[in-house]
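input-v7.cif, holding mmCIF, N, CA and C atoms and all ligand atoms:
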data_run
#
loop_
_atom_site.label_atom_id
_atom_site.label_comp_id
_atom_site.auth_asym_id
_atom_site.auth_seq_id
_atom_site.Cartn_x
_atom_site.Cartn_y
_atom_site.Cartn_z
N MET J 1 5.39 -25.22 3.38
CA MET J 1 5.72 -23.79 3.56
C MET J 1 7.22 -23.62 3.54
N ARG J 2 7.70 -22.84 2.60
CA ARG J 2 9.14 -22.56 2.54
C ARG J 2 9.54 -21.68 3.71
N THR J 3 10.75 -21.87 4.19
CA THR J 3 11.25 -21.04 5.27
C THR J 3 11.65 -19.68 4.69
N VAL J 4 11.25 -18.63 5.38
CA VAL J 4 11.62 -17.29 4.93
C VAL J 4 13.07 -17.03 5.35
N PRO J 5 13.95 -16.76 4.39
CA PRO J 5 15.35 -16.51 4.73
C PRO J 5 15.51 -15.22 5.53
N ARG J 6 16.53 -15.21 6.34
CA ARG J 6 16.79 -14.07 7.21
C ARG J 6 16.80 -12.74 6.45
N SER J 7 17.33 -12.77 5.25
CA SER J 7 17.43 -11.53 4.46
C SER J 7 16.05 -10.95 4.13
N GLN J 8 15.00 -11.78 4.29
CA GLN J 8 13.64 -11.33 3.95
C GLN J 8 12.82 -10.98 5.18
N TRP J 9 13.43 -11.01 6.34
CA TRP J 9 12.65 -10.81 7.56
C TRP J 9 12.04 -9.42 7.66
N ARG J 10 12.78 -8.43 7.18
CA ARG J 10 12.24 -7.06 7.22
C ARG J 10 10.97 -6.98 6.39
N ARG J 11 11.05 -7.60 5.21
CA ARG J 11 9.89 -7.59 4.31
C ARG J 11 8.74 -8.39 4.95
N LEU J 12 9.10 -9.51 5.56
CA LEU J 12 8.07 -10.33 6.20
C LEU J 12 7.34 -9.53 7.27
N ARG J 13 8.11 -8.78 8.06
CA ARG J 13 7.47 -8.01 9.13
C ARG J 13 6.52 -6.97 8.55
N LYS J 14 6.94 -6.31 7.49
CA LYS J 14 6.08 -5.34 6.82
C LYS J 14 4.80 -5.99 6.32
N VAL J 15 4.97 -7.13 5.64
CA VAL J 15 3.81 -7.83 5.07
C VAL J 15 2.84 -8.24 6.18
N LEU J 16 3.39 -8.78 7.28
CA LEU J 16 2.54 -9.21 8.39
C LEU J 16 1.79 -8.03 8.98
N THR J 17 2.47 -6.90 9.12
CA THR J 17 1.83 -5.72 9.68
C THR J 17 0.71 -5.24 8.76
N LEU J 18 0.98 -5.23 7.46
CA LEU J 18 -0.05 -4.78 6.52
C LEU J 18 -1.23 -5.75 6.49
N ALA J 19 -0.95 -7.04 6.58
CA ALA J 19 -2.03 -8.03 6.60
C ALA J 19 -2.91 -7.81 7.82
N GLU J 20 -2.27 -7.42 8.92
CA GLU J 20 -2.99 -7.12 10.15
C GLU J 20 -3.86 -5.87 9.97
N ILE J 21 -3.25 -4.82 9.42
CA ILE J 21 -3.98 -3.56 9.23
C ILE J 21 -5.17 -3.75 8.30
N PHE J 22 -4.94 -4.44 7.19
CA PHE J 22 -6.00 -4.60 6.19
C PHE J 22 -6.89 -5.81 6.50
N GLY J 23 -6.50 -6.59 7.50
CA GLY J 23 -7.33 -7.71 7.91
C GLY J 23 -7.38 -8.83 6.88
N SER J 24 -6.37 -8.91 6.02
CA SER J 24 -6.41 -9.92 4.97
C SER J 24 -5.05 -10.10 4.30
N TRP J 25 -4.81 -11.31 3.83
CA TRP J 25 -3.62 -11.61 3.03
C TRP J 25 -3.95 -11.53 1.56
N GLY J 26 -5.15 -11.06 1.23
CA GLY J 26 -5.54 -10.98 -0.17
C GLY J 26 -5.03 -9.69 -0.79
N CYS J 27 -5.04 -9.66 -2.13
CA CYS J 27 -4.72 -8.43 -2.85
C CYS J 27 -5.76 -7.39 -2.47
N HIS J 28 -5.31 -6.19 -2.12
CA HIS J 28 -6.24 -5.15 -1.69
C HIS J 28 -7.16 -4.72 -2.82
N TYR J 29 -6.74 -4.93 -4.05
CA TYR J 29 -7.50 -4.41 -5.20
C TYR J 29 -8.39 -5.43 -5.88
N CYS J 30 -7.93 -6.66 -5.99
CA CYS J 30 -8.77 -7.65 -6.68
C CYS J 30 -9.19 -8.79 -5.76
N GLY J 31 -8.63 -8.84 -4.53
CA GLY J 31 -9.05 -9.84 -3.57
C GLY J 31 -8.40 -11.20 -3.71
N ARG J 32 -7.53 -11.35 -4.73
CA ARG J 32 -6.85 -12.62 -4.93
C ARG J 32 -6.07 -13.03 -3.68
N GLU J 33 -6.15 -14.31 -3.33
CA GLU J 33 -5.41 -14.81 -2.17
C GLU J 33 -3.92 -14.83 -2.45
N LEU J 34 -3.12 -14.38 -1.49
CA LEU J 34 -1.68 -14.30 -1.69
C LEU J 34 -0.96 -14.91 -0.50
N ASP J 35 0.30 -15.26 -0.71
CA ASP J 35 1.15 -15.64 0.42
C ASP J 35 2.45 -14.83 0.30
N PHE J 36 3.36 -15.11 1.21
CA PHE J 36 4.57 -14.29 1.26
C PHE J 36 5.32 -14.27 -0.07
N TRP J 37 5.21 -15.35 -0.84
CA TRP J 37 6.00 -15.47 -2.08
C TRP J 37 5.32 -14.81 -3.26
N THR J 38 4.04 -14.52 -3.13
CA THR J 38 3.33 -13.92 -4.26
C THR J 38 2.88 -12.49 -3.97
N VAL J 39 2.93 -12.08 -2.71
CA VAL J 39 2.44 -10.76 -2.36
C VAL J 39 3.48 -9.69 -2.76
N THR J 40 2.99 -8.51 -3.14
CA THR J 40 3.88 -7.38 -3.35
C THR J 40 3.37 -6.23 -2.48
N ILE J 41 4.27 -5.31 -2.15
CA ILE J 41 3.88 -4.15 -1.35
C ILE J 41 3.74 -2.97 -2.30
N GLU J 42 2.54 -2.44 -2.34
CA GLU J 42 2.18 -1.38 -3.29
C GLU J 42 2.09 -0.05 -2.54
N HIS J 43 2.58 1.02 -3.16
CA HIS J 43 2.44 2.34 -2.56
C HIS J 43 1.09 2.92 -2.95
N ILE J 44 0.32 3.31 -1.97
CA ILE J 44 -1.01 3.86 -2.24
C ILE J 44 -0.87 5.18 -3.01
N VAL J 45 -0.02 6.07 -2.51
CA VAL J 45 0.38 7.25 -3.29
C VAL J 45 1.74 6.92 -3.89
N PRO J 46 1.84 6.80 -5.22
CA PRO J 46 3.09 6.34 -5.84
C PRO J 46 4.27 7.24 -5.51
N ARG J 47 5.45 6.63 -5.53
CA ARG J 47 6.67 7.39 -5.28
C ARG J 47 6.79 8.55 -6.26
N SER J 48 6.34 8.33 -7.49
CA SER J 48 6.46 9.38 -8.51
C SER J 48 5.59 10.60 -8.19
N TYR J 49 4.61 10.42 -7.31
CA TYR J 49 3.77 11.54 -6.87
C TYR J 49 4.25 12.09 -5.53
N GLY J 50 5.37 11.57 -5.05
CA GLY J 50 5.89 12.06 -3.78
C GLY J 50 5.45 11.25 -2.59
N GLY J 51 4.81 10.12 -2.83
CA GLY J 51 4.40 9.26 -1.72
C GLY J 51 5.61 8.66 -1.02
N PRO J 52 5.61 8.64 0.30
CA PRO J 52 6.75 8.11 1.06
C PRO J 52 6.76 6.58 1.10
N ASP J 53 7.93 6.04 1.33
CA ASP J 53 8.07 4.59 1.47
C ASP J 53 7.80 4.22 2.93
N GLN J 54 6.53 4.29 3.29
CA GLN J 54 6.13 4.05 4.68
C GLN J 54 4.99 3.05 4.71
N LEU J 55 4.86 2.38 5.84
CA LEU J 55 3.75 1.45 5.99
C LEU J 55 2.41 2.16 5.82
N ARG J 56 2.32 3.38 6.30
CA ARG J 56 1.04 4.10 6.23
C ARG J 56 0.65 4.42 4.80
N ASN J 57 1.61 4.28 3.88
CA ASN J 57 1.32 4.53 2.47
C ASN J 57 1.38 3.23 1.67
N SER J 58 1.19 2.10 2.34
CA SER J 58 1.36 0.82 1.66
C SER J 58 0.13 -0.06 1.77
N ALA J 59 -0.03 -0.92 0.78
CA ALA J 59 -1.08 -1.93 0.79
C ALA J 59 -0.52 -3.19 0.14
N LEU J 60 -1.12 -4.31 0.44
CA LEU J 60 -0.71 -5.57 -0.19
C LEU J 60 -1.42 -5.71 -1.52
N ALA J 61 -0.69 -6.13 -2.53
CA ALA J 61 -1.29 -6.31 -3.85
C ALA J 61 -0.65 -7.50 -4.55
N CYS J 62 -1.39 -8.07 -5.49
CA CYS J 62 -0.82 -9.13 -6.30
C CYS J 62 0.07 -8.49 -7.37
N GLU J 63 0.92 -9.28 -7.95
CA GLU J 63 1.85 -8.76 -8.95
C GLU J 63 1.12 -8.09 -10.13
N PRO J 64 0.11 -8.74 -10.71
CA PRO J 64 -0.59 -8.10 -11.84
C PRO J 64 -1.21 -6.75 -11.47
N CYS J 65 -1.83 -6.65 -10.29
CA CYS J 65 -2.41 -5.36 -9.89
C CYS J 65 -1.31 -4.33 -9.68
N ASN J 66 -0.22 -4.74 -9.04
CA ASN J 66 0.89 -3.82 -8.80
C ASN J 66 1.42 -3.30 -10.13
N GLN J 67 1.59 -4.21 -11.09
CA GLN J 67 2.07 -3.83 -12.42
C GLN J 67 1.09 -2.88 -13.10
N ALA J 68 -0.19 -3.23 -12.98
CA ALA J 68 -1.22 -2.43 -13.64
C ALA J 68 -1.29 -1.03 -13.05
N MET J 69 -1.11 -0.93 -11.71
CA MET J 69 -1.15 0.38 -11.07
C MET J 69 0.08 1.17 -11.49
N GLY J 70 1.25 0.49 -11.45
CA GLY J 70 2.49 1.17 -11.80
C GLY J 70 2.59 2.48 -11.07
N ALA J 71 2.77 3.54 -11.82
CA ALA J 71 2.90 4.86 -11.21
C ALA J 71 1.58 5.61 -11.25
N ALA J 72 0.49 4.89 -11.54
CA ALA J 72 -0.80 5.57 -11.62
C ALA J 72 -1.36 5.80 -10.23
N LEU J 73 -2.18 6.82 -10.11
CA LEU J 73 -2.84 7.09 -8.84
C LEU J 73 -3.98 6.10 -8.66
N ILE J 74 -4.00 5.46 -7.51
CA ILE J 74 -5.04 4.48 -7.22
C ILE J 74 -6.30 5.22 -6.78
N LYS J 75 -7.41 4.80 -7.34
CA LYS J 75 -8.65 5.51 -7.03
C LYS J 75 -9.43 4.82 -5.91
N CYS J 76 -8.84 3.81 -5.31
CA CYS J 76 -9.53 3.10 -4.24
C CYS J 76 -10.04 4.10 -3.20
N THR J 77 -11.30 3.97 -2.85
CA THR J 77 -11.91 4.94 -1.94
C THR J 77 -12.17 4.36 -0.56
N CYS J 78 -11.57 3.20 -0.26
CA CYS J 78 -11.81 2.61 1.06
C CYS J 78 -11.22 3.52 2.14
N PRO J 79 -11.68 3.39 3.38
CA PRO J 79 -11.22 4.28 4.46
C PRO J 79 -9.70 4.21 4.67
N LEU J 80 -9.08 3.03 4.48
CA LEU J 80 -7.65 2.91 4.70
C LEU J 80 -6.86 3.69 3.65
N CYS J 81 -7.26 3.56 2.39
CA CYS J 81 -6.58 4.30 1.32
C CYS J 81 -6.83 5.80 1.47
N ALA J 82 -8.05 6.16 1.83
CA ALA J 82 -8.37 7.57 2.04
C ALA J 82 -7.52 8.14 3.16
N ALA J 83 -7.34 7.36 4.24
CA ALA J 83 -6.53 7.81 5.38
C ALA J 83 -5.08 7.94 4.96
N ALA J 84 -4.60 7.02 4.12
CA ALA J 84 -3.21 7.08 3.64
C ALA J 84 -3.00 8.34 2.81
N ARG J 85 -3.94 8.63 1.92
CA ARG J 85 -3.82 9.84 1.09
C ARG J 85 -3.83 11.10 1.94
N ARG J 86 -4.71 11.10 2.97
CA ARG J 86 -4.80 12.26 3.86
C ARG J 86 -3.48 12.44 4.61
N HIS J 87 -2.93 11.32 5.09
CA HIS J 87 -1.66 11.38 5.82
C HIS J 87 -0.56 11.96 4.93
N VAL J 88 -0.48 11.47 3.69
CA VAL J 88 0.56 11.94 2.77
C VAL J 88 0.36 13.43 2.46
N ALA J 89 -0.89 13.83 2.27
CA ALA J 89 -1.18 15.23 1.97
C ALA J 89 -0.81 16.12 3.15
N ASP J 90 -1.16 15.67 4.36
CA ASP J 90 -0.90 16.48 5.54
C ASP J 90 0.58 16.56 5.85
N GLN J 91 1.29 15.43 5.70
CA GLN J 91 2.69 15.38 6.11
C GLN J 91 3.64 15.86 5.02
N TYR J 92 3.28 15.62 3.76
CA TYR J 92 4.23 15.87 2.68
C TYR J 92 3.74 16.90 1.67
N GLY J 93 2.54 17.42 1.89
CA GLY J 93 2.03 18.46 0.99
C GLY J 93 1.73 17.95 -0.40
N VAL J 94 1.55 16.63 -0.53
CA VAL J 94 1.24 16.05 -1.84
C VAL J 94 -0.27 15.95 -1.99
N GLY J 95 -0.77 16.31 -3.17
CA GLY J 95 -2.19 16.05 -3.46
C GLY J 95 -3.17 16.98 -2.78
N ARG J 96 -2.70 18.11 -2.28
CA ARG J 96 -3.63 19.06 -1.66
C ARG J 96 -4.66 19.53 -2.69
N ALA J 97 -4.18 19.77 -3.91
CA ALA J 97 -5.06 20.24 -4.97
C ALA J 97 -6.16 19.23 -5.26
N ALA J 98 -5.85 17.95 -5.03
CA ALA J 98 -6.84 16.90 -5.29
C ALA J 98 -7.80 16.75 -4.11
N GLY J 99 -7.61 17.58 -3.08
CA GLY J 99 -8.52 17.55 -1.94
C GLY J 99 -8.26 16.42 -0.98
N TRP J 100 -7.01 15.95 -0.91
CA TRP J 100 -6.69 14.83 -0.01
C TRP J 100 -6.49 15.28 1.43
N ALA J 101 -6.07 16.51 1.60
CA ALA J 101 -5.69 16.96 2.94
C ALA J 101 -6.90 17.02 3.88
N SER J 102 -6.60 17.00 5.17
CA SER J 102 -7.67 17.16 6.16
C SER J 102 -8.30 18.52 5.98
N PRO J 103 -9.60 18.63 6.25
CA PRO J 103 -10.24 19.95 6.17
C PRO J 103 -9.57 20.89 7.17
N ALA J 104 -9.32 22.13 6.75
CA ALA J 104 -8.61 23.08 7.63
C ALA J 104 -9.53 23.52 8.76
ZN ZN D 1 -4.79 -8.00 -7.44
ZN ZN D 2 -8.20 0.86 -0.46
#
Is it possible to give me this structure as structure tokens?
Ligand SMILES: [Zn+2]
Ligand SMILES: [Zn+2]
Amino acid sequence: MRTVPRSQWRRLRKVLTLAEIFGSWGCHYCGRELDFWTVTIEHIVPRSYGGPDQLRNSALACEPCNQAMGAALIKCTCPLCAAARRHVADQYGVGRAAGWASPA
């Protein structure tokens, strides 16, 4: 196991928190096993759609899935992604038309 350099500690903390939330170190989309050196942090609602750079809008993904998603909207319907979309819609007014917001 390579030592994580100090400059990467912020990222490490994020990754650990997300692994805890999602209950896995695997890619959220394809299930591939990942470690700190291969994992990427993916925005559930892309920045280009107004998604914030927050943990609540993040999931762990492998590089190929992250690349494939790019700026596309992820259609994952799991409760965590649905909650992230609802949070973004409620807090940032993004995606209301798509029905992401909490019912009024
Ligand atoms: Zn993947
Ligand atoms: Zn999901």
Quick check for you: according to DSSP on this backbone, which residues of chain J are classed as alpha helix (DSSP H)? Reply as number ranges by chain. J: 9-22, 63-69, 79-92
Could you tell me, as a list in words, which residues of chain J DSSP assigns to strand (DSSP E or B) when given the backbone? Gly26, Glu33, Val39, Thr40, Ile41, Glu42, His43, Ser58, Ala59, Leu60, Ala61 and Cys62 of chain J
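With distances taken over all atoms listed in the file, J:Thr77 is the one residue among J:Gln8, J:Thr77, J:Thr40, J:Ser58 lying closest to ligand ZN 2 (chain D).
Between Ser24 (chain J) and the candidates J:Ala84, J:Trp9, J:Arg96, J:Leu60, the tightest atom-to-atom separation, counting only N, CA and C atoms, involves J:Leu60.
For ligand ZN 2 (chain D), the neighbouring protein, DNA and RNA residues, which are those within 7 Å when only C-alpha atoms and all ligand atoms are counted, are His28, Cys76, Thr77, Cys78, Pro79, Leu80 and Cys81 of chain J.
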Protein and nucleic acid residues within 8 Å of ligand ZN 1 (chain D) (all atoms listed in the file) as a ChimeraX atom specification: /J:26-33,60-66
Using only N, CA and C atoms, determine which residues lie at most 6 Å from Ala101 (chain J), disregarding the query and same-chain residues fewer than 5 positions distant; provide the list as a ChimeraX atom specification. /J:85-86,89-90,95-96
Residues near region 49-56 of chain J, cut-off 8 Å, only N, CA and C atoms, skip fewer than 4 positions along chain, as a PDB file with N, CA and C atoms, in the frame of the given file:
ATOM      1  N   LYS J  14       6.940  -6.310   7.490  1.00  0.00           N
ATOM      2  CA  LYS J  14       6.080  -5.340   6.820  1.00  0.00           C
ATOM      3  C   LYS J  14       4.800  -5.990   6.320  1.00  0.00           C
ATOM      4  N   THR J  17       2.470  -6.900   9.120  1.00  0.00           N
ATOM      5  CA  THR J  17       1.830  -5.720   9.680  1.00  0.00           C
ATOM      6  C   THR J  17       0.710  -5.240   8.760  1.00  0.00           C
ATOM      7  N   LEU J  18       0.980  -5.230   7.460  1.00  0.00           N
ATOM      8  CA  LEU J  18      -0.050  -4.780   6.520  1.00  0.00           C
ATOM      9  C   LEU J  18      -1.230  -5.750   6.490  1.00  0.00           C
ATOM     10  N   HIS J  43       2.580   1.020  -3.160  1.00  0.00           N
ATOM     11  CA  HIS J  43       2.440   2.340  -2.560  1.00  0.00           C
ATOM     12  C   HIS J  43       1.090   2.920  -2.950  1.00  0.00           C
ATOM     13  N   ILE J  44       0.320   3.310  -1.970  1.00  0.00           N
ATOM     14  CA  ILE J  44      -1.010   3.860  -2.240  1.00  0.00           C
ATOM     15  C   ILE J  44      -0.870   5.180  -3.010  1.00  0.00           C
ATOM     16  N   VAL J  45      -0.020   6.070  -2.510  1.00  0.00           N
ATOM     17  CA  VAL J  45       0.380   7.250  -3.290  1.00  0.00           C
ATOM     18  C   VAL J  45       1.740   6.920  -3.890  1.00  0.00           C
ATOM     19  N   ALA J  71       2.770   3.540 -11.820  1.00  0.00           N
ATOM     20  CA  ALA J  71       2.900   4.860 -11.210  1.00  0.00           C
ATOM     21  C   ALA J  71       1.580   5.610 -11.250  1.00  0.00           C
ATOM     22  N   LEU J  80      -9.080   3.030   4.480  1.00  0.00           N
ATOM     23  CA  LEU J  80      -7.650   2.910   4.700  1.00  0.00           C
ATOM     24  C   LEU J  80      -6.860   3.690   3.650  1.00  0.00           C
ATOM     25  N   ALA J  83      -7.340   7.360   4.240  1.00  0.00           N
ATOM     26  CA  ALA J  83      -6.530   7.810   5.380  1.00  0.00           C
ATOM     27  C   ALA J  83      -5.080   7.940   4.960  1.00  0.00           C
ATOM     28  N   ALA J  84      -4.600   7.020   4.120  1.00  0.00           N
ATOM     29  CA  ALA J  84      -3.210   7.080   3.640  1.00  0.00           C
ATOM     30  C   ALA J  84      -3.000   8.340   2.810  1.00  0.00           C
ATOM     31  N   ARG J  85      -3.940   8.630   1.920  1.00  0.00           N
ATOM     32  CA  ARG J  85      -3.820   9.840   1.090  1.00  0.00           C
ATOM     33  C   ARG J  85      -3.830  11.100   1.940  1.00  0.00           C
ATOM     34  N   HIS J  87      -2.930  11.320   5.090  1.00  0.00           N
ATOM     35  CA  HIS J  87      -1.660  11.380   5.820  1.00  0.00           C
ATOM     36  C   HIS J  87      -0.560  11.960   4.930  1.00  0.00           C
ATOM     37  N   VAL J  88      -0.480  11.470   3.690  1.00  0.00           N
ATOM     38  CA  VAL J  88       0.560  11.940   2.770  1.00  0.00           C
ATOM     39  C   VAL J  88       0.360  13.430   2.460  1.00  0.00           C
ATOM     40  N   TYR J  92       3.280  15.620   3.760  1.00  0.00           N
ATOM     41  CA  TYR J  92       4.230  15.870   2.680  1.00  0.00           C
ATOM     42  C   TYR J  92       3.740  16.900   1.670  1.00  0.00           C
ATOM     43  N   GLY J  93       2.540  17.420   1.890  1.00  0.00           N
ATOM     44  CA  GLY J  93       2.030  18.460   0.990  1.00  0.00           C
ATOM     45  C   GLY J  93       1.730  17.950  -0.400  1.00  0.00           C
ATOM     46  N   VAL J  94       1.550  16.630  -0.530  1.00  0.00           N
ATOM     47  CA  VAL J  94       1.240  16.050  -1.840  1.00  0.00           C
ATOM     48  C   VAL J  94      -0.270  15.950  -1.990  1.00  0.00           C
ATOM     49  N   GLY J  95      -0.770  16.310  -3.170  1.00  0.00           N
ATOM     50  CA  GLY J  95      -2.190  16.050  -3.460  1.00  0.00           C
ATOM     51  C   GLY J  95      -3.170  16.980  -2.780  1.00  0.00           C
TER      52      GLY J  95
END
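Taking CA of Ile41 (chain J) as the reference point, atom N of Arg13 (chain J) is found at 11.3 Å.
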Report the centre and edge lengths, in Å to one decimal, of an axis-aligned box enclosing every atom of region 23-37 of chain J listed in the file, padded by 3 Å on each side, as JSON.
{"center_x": -1.6, "center_y": -10.0, "center_z": 0.6, "size_x": 21.2, "size_y": 17.2, "size_z": 20.6}
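The space separating atom N of Ala68 (chain J) from atom C of Ala97 (chain J) comes to 24.5 Å.
Here CA of Glu20 (chain J) is placed at a distance of 29.4 Å from atom N of Ala98 (chain J).
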Find the residue from J:Thr3, J:Gln67, J:Thr38, J:Ser102 that sits nearest to Val15 (chain J); use only C-alpha atoms when measuring. J:Thr38
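With only C-alpha atoms as the atoms that count, the minimum distance from Phe22 (chain J) to the choices J:Ser7, J:Lys75, J:Phe36, J:Ala59 is reached by J:Ala59.
Considering the residues J:Gly70, J:Trp100, J:Ala19, J:Pro5 and counting all atoms listed in the file, Ala82 (chain J) has its shortest atom-to-atom contact with J:Trp100.
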